[in-house]
$ cat entry_13.cif   # mmCIF, C-alpha atoms
data_model
loop_
_atom_site.group_PDB
_atom_site.id
_atom_site.type_symbol
_atom_site.label_atom_id
_atom_site.label_comp_id
_atom_site.auth_asym_id
_atom_site.auth_seq_id
_atom_site.Cartn_x
_atom_site.Cartn_y
_atom_site.Cartn_z
ATOM 1 C CA MET A 1 148.258 83.322 99.731
ATOM 2 C CA ASP A 2 146.158 80.393 98.584
ATOM 3 C CA ILE A 3 142.581 81.482 97.778
ATOM 4 C CA GLN A 4 141.353 77.887 98.065
ATOM 5 C CA SER A 5 142.591 77.757 101.684
ATOM 6 C CA VAL A 6 140.946 81.094 102.500
ATOM 7 C CA TRP A 7 137.642 79.802 101.109
ATOM 8 C CA GLN A 8 138.012 76.581 103.136
ATOM 9 C CA ARG A 9 138.356 78.687 106.285
ATOM 10 C CA ILE A 10 135.264 80.722 105.384
ATOM 11 C CA GLU A 11 133.275 77.586 104.519
ATOM 12 C CA SER A 12 134.296 75.912 107.795
ATOM 13 C CA TRP A 13 133.117 78.919 109.819
ATOM 14 C CA LEU A 14 129.865 79.154 107.847
ATOM 15 C CA LYS A 15 129.197 75.434 108.267
ATOM 16 C CA GLN A 16 129.407 75.809 112.032
ATOM 17 C CA HIS A 17 127.778 79.242 112.516
ATOM 18 C CA ALA A 18 125.736 80.089 109.411
ATOM 19 C CA PRO A 19 124.869 76.997 107.348
ATOM 20 C CA ASP A 20 122.033 78.808 105.556
ATOM 21 C CA ILE A 21 124.521 81.325 104.169
ATOM 22 C CA LEU A 22 126.901 78.555 103.138
ATOM 23 C CA LYS A 23 124.089 77.135 100.996
ATOM 24 C CA THR A 24 123.890 80.418 99.051
ATOM 25 C CA LEU A 25 127.392 80.085 97.599
ATOM 26 C CA ASN A 26 127.478 79.008 93.965
ATOM 27 C CA ASP A 27 129.783 76.341 92.643
ATOM 28 C CA GLY A 28 132.879 77.619 90.898
ATOM 29 C CA ALA A 29 132.826 79.367 87.544
ATOM 30 C CA THR A 30 134.209 77.544 84.528
ATOM 31 C CA ASN A 31 137.290 78.796 82.707
ATOM 32 C CA GLU A 32 134.966 79.723 79.843
ATOM 33 C CA GLN A 33 132.799 81.884 82.144
ATOM 34 C CA ILE A 34 135.858 83.679 83.521
ATOM 35 C CA ARG A 35 137.390 84.235 80.076
ATOM 36 C CA GLY A 36 133.979 85.344 78.801
ATOM 37 C CA LEU A 37 133.778 87.993 81.539
ATOM 38 C CA GLU A 38 137.253 89.263 80.644
ATOM 39 C CA THR A 39 136.335 89.373 76.954
ATOM 40 C CA GLN A 40 133.077 91.244 77.576
ATOM 41 C CA LEU A 41 134.825 93.747 79.851
ATOM 42 C CA GLY A 42 137.900 94.126 77.686
ATOM 43 C CA LEU A 43 139.884 93.842 80.922
ATOM 44 C CA SER A 44 142.149 91.195 82.442
ATOM 45 C CA LEU A 45 141.135 89.957 85.876
ATOM 46 C CA PRO A 46 143.750 89.509 88.606
ATOM 47 C CA ASP A 47 144.709 85.900 89.282
ATOM 48 C CA ASP A 48 143.337 85.997 92.846
ATOM 49 C CA LEU A 49 139.855 86.960 91.619
ATOM 50 C CA LYS A 50 139.949 84.280 88.906
ATOM 51 C CA GLN A 51 140.975 81.702 91.516
ATOM 52 C CA SER A 52 138.144 82.794 93.806
ATOM 53 C CA LEU A 53 135.569 82.659 91.023
ATOM 54 C CA ALA A 54 136.754 79.126 90.249
ATOM 55 C CA VAL A 55 135.912 78.177 93.860
ATOM 56 C CA HIS A 56 132.636 80.110 94.245
ATOM 57 C CA ASN A 57 131.027 82.008 91.396
ATOM 58 C CA GLY A 58 129.289 84.419 93.751
ATOM 59 C CA GLN A 59 126.055 83.783 95.616
ATOM 60 C CA ARG A 60 122.606 82.784 94.461
ATOM 61 C CA PRO A 61 120.518 85.976 94.477
ATOM 62 C CA ASP A 62 117.319 84.079 95.283
ATOM 63 C CA PHE A 63 118.578 83.751 98.871
ATOM 64 C CA TYR A 64 118.753 87.520 99.481
ATOM 65 C CA PRO A 65 118.989 88.861 102.234
ATOM 66 C CA ARG A 66 121.241 85.987 103.367
ATOM 67 C CA THR A 67 124.290 87.897 102.202
ATOM 68 C CA LEU A 68 127.843 86.840 102.875
ATOM 69 C CA ILE A 69 129.479 90.048 104.073
ATOM 70 C CA GLU A 70 126.991 92.134 106.051
ATOM 71 C CA GLN A 71 124.515 93.533 103.490
ATOM 72 C CA TRP A 72 126.807 92.681 100.563
ATOM 73 C CA GLU A 73 125.978 89.826 98.190
ATOM 74 C CA LEU A 74 128.996 88.335 96.425
ATOM 75 C CA LEU A 75 128.393 88.630 92.668
ATOM 76 C CA SER A 76 128.747 85.901 90.058
ATOM 77 C CA THR A 77 130.485 86.489 86.728
ATOM 78 C CA GLU A 78 127.089 87.079 85.109
ATOM 79 C CA GLN A 79 125.905 89.499 87.808
ATOM 80 C CA THR A 80 129.248 91.328 87.746
ATOM 81 C CA LEU A 81 128.888 91.896 84.015
ATOM 82 C CA GLU A 82 125.263 93.054 84.382
ATOM 83 C CA GLU A 83 126.161 95.578 87.094
ATOM 84 C CA TRP A 84 129.225 96.798 85.157
ATOM 85 C CA ILE A 85 127.156 97.317 81.993
ATOM 86 C CA PHE A 86 124.507 99.195 83.994
ATOM 87 C CA LEU A 87 127.104 101.548 85.515
ATOM 88 C CA LYS A 88 128.962 101.945 82.215
ATOM 89 C CA GLU A 89 125.776 103.126 80.495
ATOM 90 C CA PHE A 90 125.484 105.920 83.077
ATOM 91 C CA TYR A 91 129.199 106.689 82.699
ATOM 92 C CA ASP A 92 128.988 106.822 78.894
ATOM 93 C CA ALA A 93 125.951 109.119 79.100
ATOM 94 C CA GLY A 94 127.953 111.547 81.275
ATOM 95 C CA GLU A 95 125.741 111.006 84.318
ATOM 96 C CA PHE A 96 128.718 110.886 86.687
ATOM 97 C CA ALA A 97 130.736 113.745 85.157
ATOM 98 C CA GLU A 98 129.469 116.545 87.416
ATOM 99 C CA ASN A 99 129.633 114.635 90.697
ATOM 100 C CA GLU A 100 132.347 115.722 93.118
ATOM 101 C CA VAL A 101 134.294 112.992 94.861
ATOM 102 C CA THR A 102 136.700 112.586 97.756
ATOM 103 C CA ALA A 103 138.928 109.548 97.467
ATOM 104 C CA ASP A 104 141.782 107.829 99.238
ATOM 105 C CA GLU A 105 145.102 108.368 97.483
ATOM 106 C CA PRO A 106 145.899 107.154 94.851
ATOM 107 C CA LEU A 107 142.308 106.337 93.751
ATOM 108 C CA ALA A 108 140.909 108.307 90.839
ATOM 109 C CA ARG A 109 138.686 111.177 91.940
ATOM 110 C CA THR A 110 135.760 110.068 89.852
ATOM 111 C CA TRP A 111 132.242 108.961 90.727
ATOM 112 C CA TRP A 112 132.711 105.668 88.913
ATOM 113 C CA HIS A 113 135.139 104.419 86.276
ATOM 114 C CA PRO A 114 134.798 101.548 83.749
ATOM 115 C CA SER A 115 137.910 99.907 85.208
ATOM 116 C CA TRP A 116 136.098 99.522 88.561
ATOM 117 C CA LEU A 117 134.587 96.052 88.525
ATOM 118 C CA PRO A 118 131.614 95.436 90.861
ATOM 119 C CA ILE A 119 132.193 92.289 92.952
ATOM 120 C CA THR A 120 129.459 92.763 95.582
ATOM 121 C CA ASP A 121 126.012 94.345 95.602
ATOM 122 C CA ASN A 122 123.809 95.557 98.446
ATOM 123 C CA HIS A 123 120.663 95.792 96.266
ATOM 124 C CA ASN A 124 120.668 99.587 96.701
ATOM 125 C CA GLY A 125 123.091 100.435 93.878
ATOM 126 C CA ASP A 126 126.270 100.226 95.965
ATOM 127 C CA HIS A 127 129.209 97.893 95.348
ATOM 128 C CA HIS A 128 132.604 96.777 96.461
ATOM 129 C CA CYS A 129 134.630 97.256 93.283
ATOM 130 C CA LEU A 130 137.931 95.813 92.175
ATOM 131 C CA ASP A 131 140.068 98.568 90.639
ATOM 132 C CA LEU A 132 141.523 97.318 87.358
ATOM 133 C CA THR A 133 143.071 100.664 86.426
ATOM 134 C CA PRO A 134 146.681 100.080 85.338
ATOM 135 C CA GLY A 135 149.066 101.564 87.868
ATOM 136 C CA PRO A 136 149.357 101.794 91.656
ATOM 137 C CA THR A 137 145.680 101.111 92.393
ATOM 138 C CA TYR A 138 145.426 97.938 90.280
ATOM 139 C CA GLY A 139 143.780 95.221 92.343
ATOM 140 C CA ASN A 140 142.593 97.493 95.178
ATOM 141 C CA ILE A 141 139.094 96.984 96.577
ATOM 142 C CA LEU A 142 137.034 100.136 97.043
ATOM 143 C CA ILE A 143 133.423 100.863 97.928
ATOM 144 C CA PHE A 144 131.312 102.618 95.314
ATOM 145 C CA TRP A 145 128.327 104.366 96.913
ATOM 146 C CA HIS A 146 125.737 105.444 94.363
ATOM 147 C CA ASP A 147 124.678 108.456 96.464
ATOM 148 C CA TYR A 148 127.762 109.299 98.518
ATOM 149 C CA GLU A 149 130.934 110.947 97.265
ATOM 150 C CA ARG A 150 133.517 109.126 99.440
ATOM 151 C CA ARG A 151 135.741 106.508 97.762
ATOM 152 C CA LYS A 152 137.764 104.496 100.263
ATOM 153 C CA ILE A 153 140.225 101.652 99.750
ATOM 154 C CA GLU A 154 138.964 98.571 101.620
ATOM 155 C CA GLY A 155 141.761 96.205 100.632
ATOM 156 C CA ILE A 156 145.027 96.255 98.707
ATOM 157 C CA SER A 157 143.972 93.180 96.723
ATOM 158 C CA PHE A 158 141.051 90.815 96.387
ATOM 159 C CA SER A 159 142.958 88.089 98.244
ATOM 160 C CA ALA A 160 143.882 90.439 101.136
ATOM 161 C CA TRP A 161 140.257 91.625 101.369
ATOM 162 C CA LEU A 162 138.917 88.046 101.391
ATOM 163 C CA GLU A 163 141.529 86.899 103.912
ATOM 164 C CA LYS A 164 140.638 89.799 106.236
ATOM 165 C CA PHE A 165 137.027 88.613 106.096
ATOM 166 C CA ALA A 166 138.123 85.034 106.948
ATOM 167 C CA ASN A 167 140.245 86.355 109.830
ATOM 168 C CA ASP A 168 137.328 88.440 111.126
ATOM 169 C CA LEU A 169 135.053 85.386 111.040
ATOM 170 C CA GLU A 170 137.568 83.288 112.960
ATOM 171 C CA ASP A 171 138.031 86.121 115.470
ATOM 172 C CA ASN A 172 134.243 85.992 116.076
ATOM 173 C CA LEU A 173 133.663 89.538 114.852
ATOM 174 C CA TYR A 174 130.550 88.467 112.913
ATOM 175 C CA GLU A 175 127.176 87.014 113.845
ATOM 176 C CA VAL A 176 124.002 86.063 111.992
ATOM 177 C CA SER A 177 121.430 88.871 112.094
ATOM 178 C CA ALA A 178 117.666 88.484 112.516
ATOM 179 C CA LEU A 179 117.425 88.828 108.701
ATOM 180 C CA GLY A 180 119.756 85.871 108.245
ATOM 181 C CA ASN A 181 122.797 87.733 106.896
ATOM 182 C CA LEU A 182 126.185 88.115 108.508
ATOM 183 C CA GLN A 183 126.802 91.337 110.379
ATOM 184 C CA GLU A 184 129.628 92.675 112.474
ATOM 185 C CA LYS A 185 129.040 92.256 116.180
ATOM 186 C CA THR A 186 128.346 95.482 117.994
#

$ encode --input "entry_13.cif" --output "structure tokens"
Amino acid sequence: MDIQSVWQRIESWLKQHAPDILKTLNDGATNEQIRGLETQLGLSLPDDLKQSLAVHNGQRPDFYPRTLIEQWELLSTEQTLEEWIFLKEFYDAGEFAENEVTADEPLARTWWHPSWLPITDNHNGDHHCLDLTPGPTYGNILIFWHDYERRKIEGISFSAWLEKFANDLEDNLYEVSALGNLQEKT
């Protein structure tokens, strides 16, 4: 699957139905920004995420609440690192150790793990995360809720998750809310 083509589909839909949200998308990240994120994390990013970041390096936070996917703002490399560091500090301090979790198989039954990379933010401490744990969950997208124990796989890869969003847009499953963000039609 070609990430550039998926983004072109999303951009085309936004141009027609939600031009204000289209304006919130950043230009692509540089190779240096992407490599810098990997270096800071000590983790390798999947190719599909790197390709996506090269197209759009997240959204500009000054346009909140005009978020791309319902209440979820797509994070830039810089914002991803900031959120990851914030969560890792809690993890390192043992803040998540006592929390009980239910999780889709084969996700780790942990509140949060340093190999879970935040890629969206709802400004309430919740994130879509890309699982970079080596093994069968590598590349999966899951939702991390800061105050809810359920961990659910939302996509088998970043590219599959993004393509599902593009498909849902083209199938007219989304509309612009009164707040100016995209929301699923009810």

$ closest_residue --input "entry_13.cif" --among "A:Asn140, A:Thr67, A:Asn167, A:Gln51" --to "Asp104 of chain A" --atoms "all atoms listed in the file"
A:Asn140

$ atom_distance --input "entry_13.cif" --atom1 "atom CA of Ala178 of chain A" --atom2 "atom CA of His128 of chain A"
23.4 Å

$ residues_around --input "entry_13.cif" --residues "Gln59 of chain A" --least-positions-apart "5" --cutoff "9 Å" --atoms "only C-alpha atoms" --output "list in words"
Lys23, Thr24, Leu25, Asn26, Asp27, Thr67, Leu68, Glu73, Leu74, Leu75 and Ser76 of chain A

$ write_last_selection --input "entry_13.cif" --atoms "C-alpha atoms" --output "PDB file, in the coordinates of the input"
ATOM      1  CA  LYS A  23     124.089  77.135 100.996  1.00  0.00           C
ATOM      2  CA  THR A  24     123.890  80.418  99.051  1.00  0.00           C
ATOM      3  CA  LEU A  25     127.392  80.085  97.599  1.00  0.00           C
ATOM      4  CA  ASN A  26     127.478  79.008  93.965  1.00  0.00           C
ATOM      5  CA  ASP A  27     129.783  76.341  92.643  1.00  0.00           C
ATOM      6  CA  THR A  67     124.290  87.897 102.202  1.00  0.00           C
ATOM      7  CA  LEU A  68     127.843  86.840 102.875  1.00  0.00           C
ATOM      8  CA  GLU A  73     125.978  89.826  98.190  1.00  0.00           C
ATOM      9  CA  LEU A  74     128.996  88.335  96.425  1.00  0.00           C
ATOM     10  CA  LEU A  75     128.393  88.630  92.668  1.00  0.00           C
ATOM     11  CA  SER A  76     128.747  85.901  90.058  1.00  0.00           C
TER      12      SER A  76
END

$ atom_distance --input "entry_13.cif" --atom1 "atom CA of Arg35 of chain A" --atom2 "atom CA of Leu53 of chain A"
11.2 Å

$ closest_residue --input "entry_13.cif" --among "A:Val6, A:Met1, A:Ala103, A:Leu87" --to "Leu162 of chain A" --atoms "only C-alpha atoms"
A:Val6

$ residues_around --input "entry_13.cif" --residues "Arg150 of chain A" --least-positions-apart "4" --cutoff "9 Å" --atoms "all atoms listed in the file" --output "tab-separated table (two decimals) with C-alpha atoms, in the frame of the given file"
chain	number	residue	atom	x	y	z
A	101	VAL	CA	134.29	112.99	94.86
A	102	THR	CA	136.70	112.59	97.76
A	103	ALA	CA	138.93	109.55	97.47
A	104	ASP	CA	141.78	107.83	99.24
A	111	TRP	CA	132.24	108.96	90.73
A	143	ILE	CA	133.42	100.86	97.93
A	144	PHE	CA	131.31	102.62	95.31
A	145	TRP	CA	128.33	104.37	96.91

$ residues_near_point --input "entry_13.cif" --point "(140.8, 106.1, 85.9)" --cutoff "9 Å" --atoms "all atoms listed in the file" --output "JSON, numbers by chain"
{"A": [107, 108, 109, 110, 112, 113, 114, 115, 116, 131, 132, 133, 134]}

$ write_last_selection --input "entry_13.cif" --atoms "C-alpha atoms" --output "PDB file, keeping the file's coordinate frame"
ATOM      1  CA  LEU A 107     142.308 106.337  93.751  1.00  0.00           C
ATOM      2  CA  ALA A 108     140.909 108.307  90.839  1.00  0.00           C
ATOM      3  CA  ARG A 109     138.686 111.177  91.940  1.00  0.00           C
ATOM      4  CA  THR A 110     135.760 110.068  89.852  1.00  0.00           C
ATOM      5  CA  TRP A 112     132.711 105.668  88.913  1.00  0.00           C
ATOM      6  CA  HIS A 113     135.139 104.419  86.276  1.00  0.00           C
ATOM      7  CA  PRO A 114     134.798 101.548  83.749  1.00  0.00           C
ATOM      8  CA  SER A 115     137.910  99.907  85.208  1.00  0.00           C
ATOM      9  CA  TRP A 116     136.098  99.522  88.561  1.00  0.00           C
ATOM     10  CA  ASP A 131     140.068  98.568  90.639  1.00  0.00           C
ATOM     11  CA  LEU A 132     141.523  97.318  87.358  1.00  0.00           C
ATOM     12  CA  THR A 133     143.071 100.664  86.426  1.00  0.00           C
ATOM     13  CA  PRO A 134     146.681 100.080  85.338  1.00  0.00           C
TER      14      PRO A 134
END

$ residues_around --input "entry_13.cif" --residues "Gln8 of chain A" --least-positions-apart "2" --cutoff "12 Å" --atoms "only C-alpha atoms" --output "PyMOL selection string"
chain A and resi 2-6+10-15+22+52+55-56+162-163+166+170

$ residues_around --input "entry_13.cif" --residues "Gly139 of chain A" --least-positions-apart "3" --cutoff "7 Å" --atoms "all atoms listed in the file" --output "ChimeraX atom specification"
/A:46,130-132,156-158

$ axis_aligned_box --input "entry_13.cif" --around "segment 177-180 of chain A" --padding-each-side "8 Å" --output "JSON"
{"center_x": 119.4, "center_y": 87.4, "center_z": 110.4, "size_x": 20.0, "size_y": 19.0, "size_z": 20.3}

$ closest_residue --input "entry_13.cif" --among "A:Leu37, A:Ile69, A:Ala160, A:Leu43" --to "Val176 of chain A" --atoms "all atoms listed in the file"
A:Ile69

$ closest_residue --input "entry_13.cif" --among "A:Asp20, A:Pro106, A:Glu95, A:Gln33" --to "Tyr138 of chain A" --atoms "all atoms listed in the file"
A:Pro106

$ atom_distance --input "entry_13.cif" --atom1 "atom CA of Asp92 of chain A" --atom2 "atom CA of Pro61 of chain A"
27.4 Å

$ resolve_selection --input "entry_13.cif" --expression "the PyMOL selection byres ((chain A and resi 184) around 9)" --output "count of residues only"
12

$ closest_residue --input "entry_13.cif" --among "A:Arg151, A:Gly36, A:Trp7, A:Leu81" --to "Asp48 of chain A" --atoms "only C-alpha atoms"
A:Trp7

$ resolve_selection --input "entry_13.cif" --expression "the PyMOL selection byres ((chain A and resi 123) around 9)" --output "JSON, numbers by chain"
{"A": [71, 72, 73, 121, 122, 124, 125, 126, 127]}

$ closest_residue --input "entry_13.cif" --among "A:Ile85, A:Glu105, A:Lys152, A:Asp171" --to "Leu117 of chain A" --atoms "all atoms listed in the file"
A:Ile85

$ build_atoms --input "entry_13.cif" --residues "segment 121-143 of chain A" --atoms "N, CA, C and O atoms" --output "PDB file, in the coordinates of the input"
ATOM      1  N   ASP A 121     127.174  93.485  95.821  1.00  0.00           N
ATOM      2  CA  ASP A 121     126.012  94.345  95.602  1.00  0.00           C
ATOM      3  C   ASP A 121     125.176  94.336  96.868  1.00  0.00           C
ATOM      4  O   ASP A 121     124.977  93.281  97.473  1.00  0.00           O
ATOM      5  N   ASN A 122     124.678  95.505  97.268  1.00  0.00           N
ATOM      6  CA  ASN A 122     123.809  95.557  98.446  1.00  0.00           C
ATOM      7  C   ASN A 122     122.342  95.769  98.063  1.00  0.00           C
ATOM      8  O   ASN A 122     121.520  96.062  98.916  1.00  0.00           O
ATOM      9  N   HIS A 123     122.028  95.643  96.783  1.00  0.00           N
ATOM     10  CA  HIS A 123     120.663  95.792  96.266  1.00  0.00           C
ATOM     11  C   HIS A 123     120.123  97.208  96.448  1.00  0.00           C
ATOM     12  O   HIS A 123     118.924  97.417  96.395  1.00  0.00           O
ATOM     13  N   ASN A 124     121.032  98.171  96.643  1.00  0.00           N
ATOM     14  CA  ASN A 124     120.668  99.587  96.701  1.00  0.00           C
ATOM     15  C   ASN A 124     121.512 100.409  95.733  1.00  0.00           C
ATOM     16  O   ASN A 124     121.542 101.630  95.816  1.00  0.00           O
ATOM     17  N   GLY A 125     122.261  99.734  94.850  1.00  0.00           N
ATOM     18  CA  GLY A 125     123.091 100.435  93.878  1.00  0.00           C
ATOM     19  C   GLY A 125     124.517 100.674  94.333  1.00  0.00           C
ATOM     20  O   GLY A 125     125.260 101.397  93.671  1.00  0.00           O
ATOM     21  N   ASP A 126     124.922 100.056  95.432  1.00  0.00           N
ATOM     22  CA  ASP A 126     126.270 100.226  95.965  1.00  0.00           C
ATOM     23  C   ASP A 126     127.051  98.928  95.784  1.00  0.00           C
ATOM     24  O   ASP A 126     126.478  97.838  95.810  1.00  0.00           O
ATOM     25  N   HIS A 127     128.376  99.061  95.640  1.00  0.00           N
ATOM     26  CA  HIS A 127     129.209  97.893  95.348  1.00  0.00           C
ATOM     27  C   HIS A 127     130.589  98.010  95.975  1.00  0.00           C
ATOM     28  O   HIS A 127     131.135  99.106  96.071  1.00  0.00           O
ATOM     29  N   HIS A 128     131.154  96.867  96.348  1.00  0.00           N
ATOM     30  CA  HIS A 128     132.604  96.777  96.461  1.00  0.00           C
ATOM     31  C   HIS A 128     133.076  96.604  95.025  1.00  0.00           C
ATOM     32  O   HIS A 128     132.506  95.794  94.272  1.00  0.00           O
ATOM     33  N   CYS A 129     134.095  97.357  94.642  1.00  0.00           N
ATOM     34  CA  CYS A 129     134.630  97.256  93.283  1.00  0.00           C
ATOM     35  C   CYS A 129     136.101  96.907  93.343  1.00  0.00           C
ATOM     36  O   CYS A 129     136.821  97.330  94.251  1.00  0.00           O
ATOM     37  N   LEU A 130     136.526  96.145  92.361  1.00  0.00           N
ATOM     38  CA  LEU A 130     137.931  95.813  92.175  1.00  0.00           C
ATOM     39  C   LEU A 130     138.479  96.790  91.144  1.00  0.00           C
ATOM     40  O   LEU A 130     137.950  96.880  90.037  1.00  0.00           O
ATOM     41  N   ASP A 131     139.488  97.557  91.531  1.00  0.00           N
ATOM     42  CA  ASP A 131     140.068  98.568  90.639  1.00  0.00           C
ATOM     43  C   ASP A 131     141.028  97.888  89.665  1.00  0.00           C
ATOM     44  O   ASP A 131     142.048  97.343  90.069  1.00  0.00           O
ATOM     45  N   LEU A 132     140.686  97.919  88.395  1.00  0.00           N
ATOM     46  CA  LEU A 132     141.523  97.318  87.358  1.00  0.00           C
ATOM     47  C   LEU A 132     142.255  98.377  86.536  1.00  0.00           C
ATOM     48  O   LEU A 132     142.745  98.096  85.446  1.00  0.00           O
ATOM     49  N   THR A 133     142.332  99.593  87.080  1.00  0.00           N
ATOM     50  CA  THR A 133     143.071 100.664  86.426  1.00  0.00           C
ATOM     51  C   THR A 133     144.558 100.334  86.461  1.00  0.00           C
ATOM     52  O   THR A 133     145.095 100.081  87.547  1.00  0.00           O
ATOM     53  N   PRO A 134     145.232 100.334  85.305  1.00  0.00           N
ATOM     54  CA  PRO A 134     146.681 100.080  85.338  1.00  0.00           C
ATOM     55  C   PRO A 134     147.382 101.117  86.218  1.00  0.00           C
ATOM     56  O   PRO A 134     147.031 102.293  86.215  1.00  0.00           O
ATOM     57  N   GLY A 135     148.322 100.650  87.011  1.00  0.00           N
ATOM     58  CA  GLY A 135     149.066 101.564  87.868  1.00  0.00           C
ATOM     59  C   GLY A 135     148.993 101.163  89.323  1.00  0.00           C
ATOM     60  O   GLY A 135     148.692 100.002  89.645  1.00  0.00           O
ATOM     61  N   PRO A 136     149.215 102.126  90.227  1.00  0.00           N
ATOM     62  CA  PRO A 136     149.357 101.794  91.656  1.00  0.00           C
ATOM     63  C   PRO A 136     148.079 101.308  92.335  1.00  0.00           C
ATOM     64  O   PRO A 136     148.162 100.701  93.403  1.00  0.00           O
ATOM     65  N   THR A 137     146.919 101.560  91.752  1.00  0.00           N
ATOM     66  CA  THR A 137     145.680 101.111  92.393  1.00  0.00           C
ATOM     67  C   THR A 137     145.188  99.776  91.861  1.00  0.00           C
ATOM     68  O   THR A 137     144.179  99.253  92.344  1.00  0.00           O
ATOM     69  N   TYR A 138     145.880  99.197  90.876  1.00  0.00           N
ATOM     70  CA  TYR A 138     145.426  97.938  90.280  1.00  0.00           C
ATOM     71  C   TYR A 138     145.257  96.870  91.359  1.00  0.00           C
ATOM     72  O   TYR A 138     146.171  96.607  92.139  1.00  0.00           O
ATOM     73  N   GLY A 139     144.060  96.293  91.397  1.00  0.00           N
ATOM     74  CA  GLY A 139     143.780  95.221  92.343  1.00  0.00           C
ATOM     75  C   GLY A 139     143.180  95.676  93.655  1.00  0.00           C
ATOM     76  O   GLY A 139     142.722  94.851  94.437  1.00  0.00           O
ATOM     77  N   ASN A 140     143.184  96.991  93.937  1.00  0.00           N
ATOM     78  CA  ASN A 140     142.593  97.493  95.178  1.00  0.00           C
ATOM     79  C   ASN A 140     141.088  97.248  95.191  1.00  0.00           C
ATOM     80  O   ASN A 140     140.435  97.254  94.145  1.00  0.00           O
ATOM     81  N   ILE A 141     140.543  97.072  96.384  1.00  0.00           N
ATOM     82  CA  ILE A 141     139.094  96.984  96.577  1.00  0.00           C
ATOM     83  C   ILE A 141     138.638  98.322  97.155  1.00  0.00           C
ATOM     84  O   ILE A 141     139.208  98.817  98.127  1.00  0.00           O
ATOM     85  N   LEU A 142     137.600  98.897  96.553  1.00  0.00           N
ATOM     86  CA  LEU A 142     137.034 100.136  97.043  1.00  0.00           C
ATOM     87  C   LEU A 142     135.527  99.982  97.126  1.00  0.00           C
ATOM     88  O   LEU A 142     134.956  99.066  96.530  1.00  0.00           O
ATOM     89  N   ILE A 143     134.887 100.870  97.878  1.00  0.00           N
ATOM     90  CA  ILE A 143     133.423 100.863  97.928  1.00  0.00           C
ATOM     91  C   ILE A 143     132.911 102.000  97.062  1.00  0.00           C
ATOM     92  O   ILE A 143     133.346 103.145  97.192  1.00  0.00           O
TER      93      ILE A 143
END
